[in-house]
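Colleague: Before I ask anything, let me first share the structure, which is written out below as structure tokens.
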Amino acid sequence: MDGSPTKAEDGVVDRRSSGYKSWKKKYRKMRIVFDHKMQHGEELHKQEEKASATVKRLAVENDRLLDLLVEVNNSPQIPPEKRIDVSLAPPADPRAPALPMDRQRALQKDRTMKRLEQLLADVPHTSYRASRDSHPAYTADLAVPDGEAHPAPFLSADDVDNYIYAVDASLDPDAHIPTLAPRAHPGAHPVPHPHLKNPTS
């Protein structure tokens, strides 16, 4: 009859319908894979941020331990034979930066203290050059990541100010001590959104 669909037209419609369903199913599979990859990337980014925060916290704790050891070593209650002279020979150029203890090294008259050079010679240890050659993965951890100004374990001036500010705030939360710590001035140093560091977000 005139106006009734032919078998050829029915076949075209069936192929179009099956093709549409096939592409829809393929898109659904691709979307599932894409969502899974995005979720995996987000999880890796969270783990990276957590590891970076842990490394920074360990660096702060190591710095505190070193400060404590220096204070104990410089305490008059410690006998001189138990103390260690950690000063180093100052640079030949007087304009070169050096610590005050290094500048006063020549003025020290107490020779009963062990010197740092003597300990380095007596105590077996691995030098940085030997570690770099035998364990290159260790030195790779000290490399500066892309988009960062310093390696993860490096404490910048802002990091030091932040943890000193945290200690002061824990001792006396009501005191307002002048400080340059970024955490003390959140308006001037807004915390960047974590997704800004994630290239997949």
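Just so we're on the same page: first chain in the structure tokens is A, next is B, and so on; residues restart at 1 for each chain, and ligands are numbered from 1 in the order they show up.
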Mind listing the strand (DSSP E or B) residues of range 15-198 of chain A, per DSSP on the backbone, as a ChimeraX atom specification?
Modeller: /A:84-85,114-115
Colleague: Just to be explicit: take each residue in the selection above, keep N, CA and C atoms, and write the result as a PDB file, in the first residue's frame.
Modeller:
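again-v4.pdb, freshly written:
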ATOM      1  N   ILE A  84      80.124  19.465  73.080  1.00  0.00           N
ATOM      2  CA  ILE A  84      80.710  19.352  71.743  1.00  0.00           C
ATOM      3  C   ILE A  84      80.740  20.733  71.108  1.00  0.00           C
ATOM      4  N   ASP A  85      81.871  21.077  70.587  1.00  0.00           N
ATOM      5  CA  ASP A  85      82.011  22.344  69.869  1.00  0.00           C
ATOM      6  C   ASP A  85      81.538  22.127  68.433  1.00  0.00           C
ATOM      7  N   LYS A 114      85.037  18.400  72.696  1.00  0.00           N
ATOM      8  CA  LYS A 114      85.279  17.734  71.426  1.00  0.00           C
ATOM      9  C   LYS A 114      84.787  18.619  70.292  1.00  0.00           C
ATOM     10  N   ARG A 115      85.491  18.574  69.204  1.00  0.00           N
ATOM     11  CA  ARG A 115      85.102  19.365  68.046  1.00  0.00           C
ATOM     12  C   ARG A 115      84.300  18.512  67.064  1.00  0.00           C
TER      13      ARG A 115
END
Colleague: List every residue of range 51-118 of chain A that has an atom at most 12 Å from any atom of range 145-161 of chain A, giving for each one its closest atom pair and the distance in Å to one decimal, counting only C-alpha atoms, sorted by chain and then by ascending residue number, as CSV.
Modeller:
residue,atom,partner,partner_atom,distance
A:Ala51,CA,A:Ala152,CA,9.3
A:Ser52,CA,A:Ala152,CA,6.2
A:Ala53,CA,A:Ala152,CA,8.5
A:Thr54,CA,A:Pro153,CA,9.3
A:Val55,CA,A:Pro153,CA,5.7
A:Lys56,CA,A:Pro153,CA,5.6
A:Arg57,CA,A:Pro153,CA,8.7
A:Leu58,CA,A:Pro153,CA,8.0
A:Ala59,CA,A:Pro153,CA,5.8
A:Val60,CA,A:Leu155,CA,7.5
A:Glu61,CA,A:Leu155,CA,11.1
A:Asn62,CA,A:Pro153,CA,10.3
A:Asp63,CA,A:Leu155,CA,9.0
A:Arg64,CA,A:Val160,CA,10.3
Colleague: Once you have the residues from the selection above, write them out as a PDB file, in the first residue's frame, restricted to C-alpha atoms.
Modeller:
ATOM      1  CA  ALA A  51      52.649  12.823  52.538  1.00  0.00           C
ATOM      2  CA  SER A  52      53.882  16.374  51.924  1.00  0.00           C
ATOM      3  CA  ALA A  53      52.312  17.548  55.184  1.00  0.00           C
ATOM      4  CA  THR A  54      53.914  14.617  57.026  1.00  0.00           C
ATOM      5  CA  VAL A  55      57.333  15.426  55.569  1.00  0.00           C
ATOM      6  CA  LYS A  56      56.940  19.059  56.601  1.00  0.00           C
ATOM      7  CA  ARG A  57      55.871  18.052  60.115  1.00  0.00           C
ATOM      8  CA  LEU A  58      58.879  15.739  60.471  1.00  0.00           C
ATOM      9  CA  ALA A  59      61.165  18.537  59.287  1.00  0.00           C
ATOM     10  CA  VAL A  60      59.715  20.850  61.943  1.00  0.00           C
ATOM     11  CA  GLU A  61      60.127  18.219  64.658  1.00  0.00           C
ATOM     12  CA  ASN A  62      63.718  17.540  63.588  1.00  0.00           C
ATOM     13  CA  ASP A  63      64.418  21.261  63.711  1.00  0.00           C
ATOM     14  CA  ARG A  64      62.992  21.442  67.227  1.00  0.00           C
TER      15      ARG A  64
END
Colleague: Would you give me, as a PyMOL selection string, the residues in range 59-131 of chain A that DSSP reads as helix (DSSP H, G or I)?
Modeller: chain A and resi 59-73+80-82+100-103+105-107+116-122+128-131
Colleague: Could you save the residues just selected, with C-alpha atoms, as an mmCIF file, in the first residue's frame?
Modeller:
data_model
loop_
_atom_site.group_PDB
_atom_site.id
_atom_site.type_symbol
_atom_site.label_atom_id
_atom_site.label_comp_id
_atom_site.auth_asym_id
_atom_site.auth_seq_id
_atom_site.Cartn_x
_atom_site.Cartn_y
_atom_site.Cartn_z
ATOM 1 C CA ALA A 59 61.165 18.537 59.287
ATOM 2 C CA VAL A 60 59.715 20.850 61.943
ATOM 3 C CA GLU A 61 60.127 18.219 64.658
ATOM 4 C CA ASN A 62 63.718 17.540 63.588
ATOM 5 C CA ASP A 63 64.418 21.261 63.711
ATOM 6 C CA ARG A 64 62.992 21.442 67.227
ATOM 7 C CA LEU A 65 65.112 18.499 68.333
ATOM 8 C CA LEU A 66 68.227 20.146 66.914
ATOM 9 C CA ASP A 67 67.401 23.373 68.755
ATOM 10 C CA LEU A 68 66.924 21.407 71.964
ATOM 11 C CA LEU A 69 70.241 19.598 71.522
ATOM 12 C CA VAL A 70 72.041 22.882 70.881
ATOM 13 C CA GLU A 71 70.507 24.398 74.017
ATOM 14 C CA VAL A 72 71.515 21.387 76.102
ATOM 15 C CA ASN A 73 74.994 21.396 74.605
ATOM 16 C CA PRO A 80 82.919 20.793 79.285
ATOM 17 C CA GLU A 81 84.221 17.298 78.560
ATOM 18 C CA LYS A 82 80.653 16.220 77.772
ATOM 19 C CA PRO A 100 78.204 33.999 65.300
ATOM 20 C CA MET A 101 79.610 30.825 66.863
ATOM 21 C CA ASP A 102 81.758 30.331 63.772
ATOM 22 C CA ARG A 103 83.026 33.914 63.977
ATOM 23 C CA ARG A 105 85.662 30.067 67.009
ATOM 24 C CA ALA A 106 89.168 31.549 67.264
ATOM 25 C CA LEU A 107 88.317 33.239 70.582
ATOM 26 C CA LEU A 116 82.656 18.512 65.320
ATOM 27 C CA GLU A 117 85.458 17.659 62.907
ATOM 28 C CA GLN A 118 86.807 15.116 65.381
ATOM 29 C CA LEU A 119 83.420 13.450 65.720
ATOM 30 C CA LEU A 120 83.011 13.280 61.959
ATOM 31 C CA ALA A 121 86.391 11.582 61.726
ATOM 32 C CA ASP A 122 85.850 9.165 64.636
ATOM 33 C CA TYR A 128 76.482 12.798 51.078
ATOM 34 C CA ARG A 129 78.589 12.026 48.022
ATOM 35 C CA ALA A 130 78.640 8.305 48.816
ATOM 36 C CA SER A 131 74.892 8.265 49.418
#
Colleague: Mind giving me the straight-line distance from CA of His185 in chain A to CA of Asp168 in chain A in Å, one decimal?
Modeller: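 A separation of 14.8 Å between them.
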Colleague: Enter the distance from CA of Ala143 in chain A to CA of Pro186 in chain A, in Å, rounded to one decimal.
Modeller: 29.0 Å
Colleague: For a test of reading the model, state the distance in Å between CA of Tyr163 in chain A and CA of Ile177 in chain A, rounded to one decimal.
Modeller: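 If I compute the distance from CA of Tyr163 in chain A to CA of Ile177 in chain A, I get 13.7 Å.
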Colleague: Using only C-alpha atoms, which residues sit within 8 Å of Tyr165 in chain A once same-chain residues fewer than 2 positions away are excluded, as an MDAnalysis selection string?
Modeller: chainID A and resid 161:163 167:169 179 181 183:184
